[in-house]
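Dropping entry_17.json in here (JSON, C-alpha atoms):
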```
[["chain", "number", "residue", "atom", "x", "y", "z"],
["A", 941, "MET", "CA", -94.63, -10.74, -32.32],
["A", 942, "THR", "CA", -94.37, -13.96, -30.31],
["A", 943, "ALA", "CA", -96.90, -15.39, -27.93],
["A", 944, "ALA", "CA", -96.05, -15.95, -24.28],
["A", 945, "GLY", "CA", -95.61, -19.70, -24.84],
["A", 946, "ASP", "CA", -93.30, -19.30, -27.85],
["A", 947, "GLY", "CA", -90.22, -18.49, -25.79],
["A", 948, "PRO", "CA", -87.33, -20.83, -25.05],
["A", 949, "TRP", "CA", -87.85, -23.99, -23.02],
["A", 950, "LEU", "CA", -84.89, -23.04, -20.86],
["A", 951, "ASP", "CA", -84.71, -20.28, -18.30],
["A", 952, "ASP", "CA", -81.28, -19.14, -17.11],
["A", 953, "ALA", "CA", -82.39, -18.92, -13.49],
["A", 954, "ALA", "CA", -84.77, -21.89, -13.31],
["A", 955, "GLY", "CA", -83.12, -24.25, -15.79],
["A", 956, "ARG", "CA", -85.18, -26.59, -17.97],
["A", 957, "LEU", "CA", -88.84, -25.58, -17.92],
["A", 958, "VAL", "CA", -90.11, -28.92, -19.25],
["A", 959, "ARG", "CA", -89.64, -31.60, -16.62],
["A", 960, "PRO", "CA", -87.61, -34.62, -17.77],
["A", 961, "PHE", "CA", -90.40, -37.13, -17.12],
["A", 962, "THR", "CA", -92.61, -35.30, -19.61],
["A", 963, "VAL", "CA", -90.00, -35.87, -22.32],
["A", 964, "SER", "CA", -90.41, -39.64, -21.90],
["A", 965, "ASN", "CA", -94.20, -39.42, -21.41],
["A", 966, "GLY", "CA", -93.78, -40.49, -17.81],
["A", 967, "ARG", "CA", -92.05, -43.76, -18.71],
["A", 968, "THR", "CA", -89.13, -44.72, -16.52],
["A", 969, "ARG", "CA", -88.02, -48.05, -17.97],
["A", 970, "PRO", "CA", -86.50, -48.49, -21.41],
["A", 971, "THR", "CA", -87.64, -51.43, -23.55],
["A", 972, "VAL", "CA", -84.01, -52.19, -24.47],
["A", 973, "ALA", "CA", -81.23, -53.01, -21.99],
["A", 974, "LEU", "CA", -78.76, -50.11, -22.07],
["A", 975, "ASP", "CA", -76.02, -49.15, -19.67],
["A", 976, "LEU", "CA", -73.90, -46.00, -19.50],
["A", 977, "VAL", "CA", -71.22, -47.26, -21.87],
["A", 978, "SER", "CA", -73.47, -49.02, -24.39],
["A", 979, "GLN", "CA", -72.77, -47.72, -27.87],
["A", 980, "VAL", "CA", -75.64, -46.37, -29.98],
["A", 981, "MET", "CA", -75.55, -45.32, -33.63],
["A", 982, "ALA", "CA", -78.09, -44.00, -36.12],
["A", 983, "THR", "CA", -79.09, -46.47, -38.83],
["A", 984, "GLY", "CA", -80.26, -43.88, -41.32],
["A", 985, "ALA", "CA", -83.83, -45.22, -41.20],
["A", 986, "THR", "CA", -86.56, -42.63, -40.82],
["A", 987, "PRO", "CA", -88.66, -43.22, -37.69],
["A", 988, "LEU", "CA", -92.38, -43.61, -38.31],
["A", 989, "GLY", "CA", -94.80, -41.53, -36.26],
["A", 990, "TYR", "CA", -94.22, -38.48, -34.12],
["A", 991, "LEU", "CA", -91.04, -38.20, -32.13],
["A", 992, "GLY", "CA", -90.21, -35.23, -29.96],
["A", 993, "PRO", "CA", -87.35, -32.79, -30.46],
["A", 994, "GLU", "CA", -85.19, -34.72, -27.99],
["A", 995, "HIS", "CA", -85.50, -37.81, -30.18],
["A", 996, "ALA", "CA", -84.32, -35.79, -33.19],
["A", 997, "GLN", "CA", -81.41, -34.39, -31.18],
["A", 998, "ALA", "CA", -80.44, -37.89, -30.08],
["A", 999, "ILE", "CA", -80.46, -39.18, -33.67],
["A", 1000, "GLU", "CA", -78.29, -36.25, -34.74],
["A", 1001, "ARG", "CA", -75.83, -36.96, -31.92],
["A", 1002, "CYS", "CA", -75.68, -40.64, -32.87],
["A", 1003, "ARG", "CA", -74.42, -40.17, -36.45],
["A", 1004, "VAL", "CA", -71.24, -41.83, -35.19],
["A", 1005, "PRO", "CA", -71.10, -44.49, -32.45],
["A", 1006, "VAL", "CA", -71.49, -42.82, -29.08],
["A", 1007, "ALA", "CA", -71.99, -43.95, -25.48],
["A", 1008, "VAL", "CA", -75.36, -43.56, -23.77],
["A", 1009, "ALA", "CA", -73.74, -41.38, -21.08],
["A", 1010, "GLU", "CA", -72.45, -38.97, -23.73],
["A", 1011, "VAL", "CA", -75.88, -38.67, -25.38],
["A", 1012, "SER", "CA", -77.39, -37.98, -21.94],
["A", 1013, "ALA", "CA", -74.87, -35.23, -21.27],
["A", 1014, "HIS", "CA", -75.42, -33.68, -24.69],
["A", 1015, "LEU", "CA", -79.22, -33.67, -24.26],
["A", 1016, "LYS", "CA", -78.86, -32.38, -20.67],
["A", 1017, "LEU", "CA", -81.30, -35.04, -19.49],
["A", 1018, "PRO", "CA", -81.05, -37.64, -16.73],
["A", 1019, "VAL", "CA", -79.65, -40.97, -17.92],
["A", 1020, "ALA", "CA", -82.92, -42.79, -17.10],
["A", 1021, "VAL", "CA", -84.86, -40.47, -19.43],
["A", 1022, "THR", "CA", -82.19, -40.70, -22.12],
["A", 1023, "LYS", "CA", -82.33, -44.49, -22.01],
["A", 1024, "VAL", "CA", -86.10, -44.39, -22.61],
["A", 1025, "LEU", "CA", -85.66, -42.04, -25.58],
["A", 1026, "LEU", "CA", -82.87, -44.15, -27.06],
["A", 1027, "ALA", "CA", -84.92, -47.33, -26.57],
["A", 1028, "ASP", "CA", -87.78, -45.68, -28.50],
["A", 1029, "LEU", "CA", -85.36, -45.06, -31.36],
["A", 1030, "VAL", "CA", -84.00, -48.61, -31.25],
["A", 1031, "ASP", "CA", -87.56, -49.98, -31.26],
["A", 1032, "CYS", "CA", -88.47, -48.02, -34.41],
["A", 1033, "GLY", "CA", -85.23, -48.95, -36.19],
["A", 1034, "ALA", "CA", -83.64, -45.49, -36.16],
["A", 1035, "LEU", "CA", -80.79, -46.57, -33.85],
["A", 1036, "THR", "CA", -78.76, -49.68, -33.36],
["A", 1037, "THR", "CA", -76.99, -50.57, -30.14],
["A", 1038, "LYS", "CA", -74.21, -52.83, -29.00],
["A", 1039, "PRO", "CA", -72.78, -53.55, -25.59],
["A", 1040, "PRO", "CA", -69.34, -52.16, -24.80],
["A", 1041, "ALA", "CA", -66.37, -54.28, -25.75],
["A", 1042, "PHE", "CA", -64.28, -55.09, -22.70],
["A", 1043, "HIS", "CA", -60.75, -56.11, -23.50],
["A", 1044, "HIS", "CA", -60.10, -57.09, -19.92],
["A", 1045, "ASN", "CA", -61.98, -59.17, -17.42],
["A", 1046, "PRO", "CA", -63.70, -56.47, -15.32],
["A", 1047, "THR", "CA", -63.31, -58.61, -12.20],
["A", 1048, "ASP", "CA", -59.62, -59.33, -12.78],
["A", 1049, "ARG", "CA", -57.88, -58.72, -9.44],
["A", 1050, "ALA", "CA", -54.76, -57.20, -11.02],
["A", 1051, "LEU", "CA", -56.86, -54.75, -13.03],
["A", 1052, "LEU", "CA", -58.92, -53.74, -9.99],
["A", 1053, "GLU", "CA", -55.75, -53.23, -7.91],
["A", 1054, "ALA", "CA", -54.27, -51.06, -10.67],
["A", 1055, "VAL", "CA", -57.40, -48.93, -10.74],
["A", 1056, "LEU", "CA", -57.35, -48.61, -6.95],
["A", 1057, "ASP", "CA", -53.66, -47.61, -6.99],
["A", 1058, "GLY", "CA", -54.38, -44.98, -9.65],
["A", 1059, "LEU", "CA", -57.26, -43.57, -7.60],
["A", 1060, "ARG", "CA", -55.09, -43.40, -4.48],
["A", 1061, "ARG", "CA", -52.42, -41.45, -6.37],
["A", 1062, "GLN", "CA", -55.06, -38.93, -7.45],
["A", 1063, "LEU", "CA", -56.19, -38.30, -3.86]]
```
Please go through the file and, once you have read it, give me the structure as structure tokens.
Amino acid sequence: MTAAGDGPWLDDAAGRLVRPFTVSNGRTRPTVALDLVSQVMATGATPLGYLGPEHAQAIERCRVPVAVAEVSAHLKLPVAVTKVLLADLVDCGALTTKPPAFHHNPTDRALLEAVLDGLRRQL
């Protein structure tokens, strides 16, 4: 027999029952600069101290290099909360991060015009 509080943390009608800010202990700013396309990867080091289930899920997802946005989508958490969780893991040595590698100058006029043309064709 299970107690009333032993049920799932998701409800089909209401969605996530634990609010995202509780996952990050109310913190809204990561200690490490991360953007949506920053790559994170597990180092194999065991984090010291207690980490929540979302931290463990993030480590599992990061066995191969993965973008912050993808981890956020997998955890079904807002990006701001995911960045805080990932920063916790970087701080304790469980994850490593690197900025995305751009092969083009992101402000290159020709590149921006090509992107704009592609978007126009889609609309």
Top pick for closest residue to A:Val1004, considering A:Ala1034, A:Ala982, A:Ala973, A:Val1055 and counting all atoms listed in the file: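 Distance minimum relative to A:Val1004 lands on A:Ala982.
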Residue nearest A:Val1006 among A:Pro1039, A:Thr971, A:Asp1048, A:Ala1054 (counting all atoms listed in the file): A:Pro1039
All residues 12 Å or closer to A:Ala1013, only C-alpha atoms, same chain fewer than 4 positions away omitted, as a ChimeraX atom specification: /A:976,997-998,1001,1006-1009,1017-1023
Point-to-point distance from atom CA of A:Lys1038 to atom CA of A:Leu974, Å rounded to tenths: 8.7 Å
Atom-to-atom span, atom CA of A:Arg1060 and atom CA of A:Ser1012, Å: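 Answer for the atom CA of A:Arg1060 to atom CA of A:Ser1012 separation: 28.8 Å.
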All residues 8 Å or closer to A:Met981, only C-alpha atoms, same chain fewer than 5 positions away omitted, as an MDAnalysis selection string: chainID A and resid 999 1002:1006 1035:1037
Residue nearest A:Gln979 among A:Leu991, A:Asp1031, A:Lys1016, A:Pro1040 (counting all atoms listed in the file): A:Pro1040
Distance in Å - atom CA of A:Leu1059 versus atom CA of A:His1014: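 Interatomic distance, atom CA of A:Leu1059 to atom CA of A:His1014: 26.8 Å.
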Nearest to A:Ala985, chosen from A:Cys1032, A:Asp1057, A:Val1024, A:Arg969, with all atoms listed in the file counted in the distances: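 That would be A:Cys1032, the residue with the smallest distance to A:Ala985.
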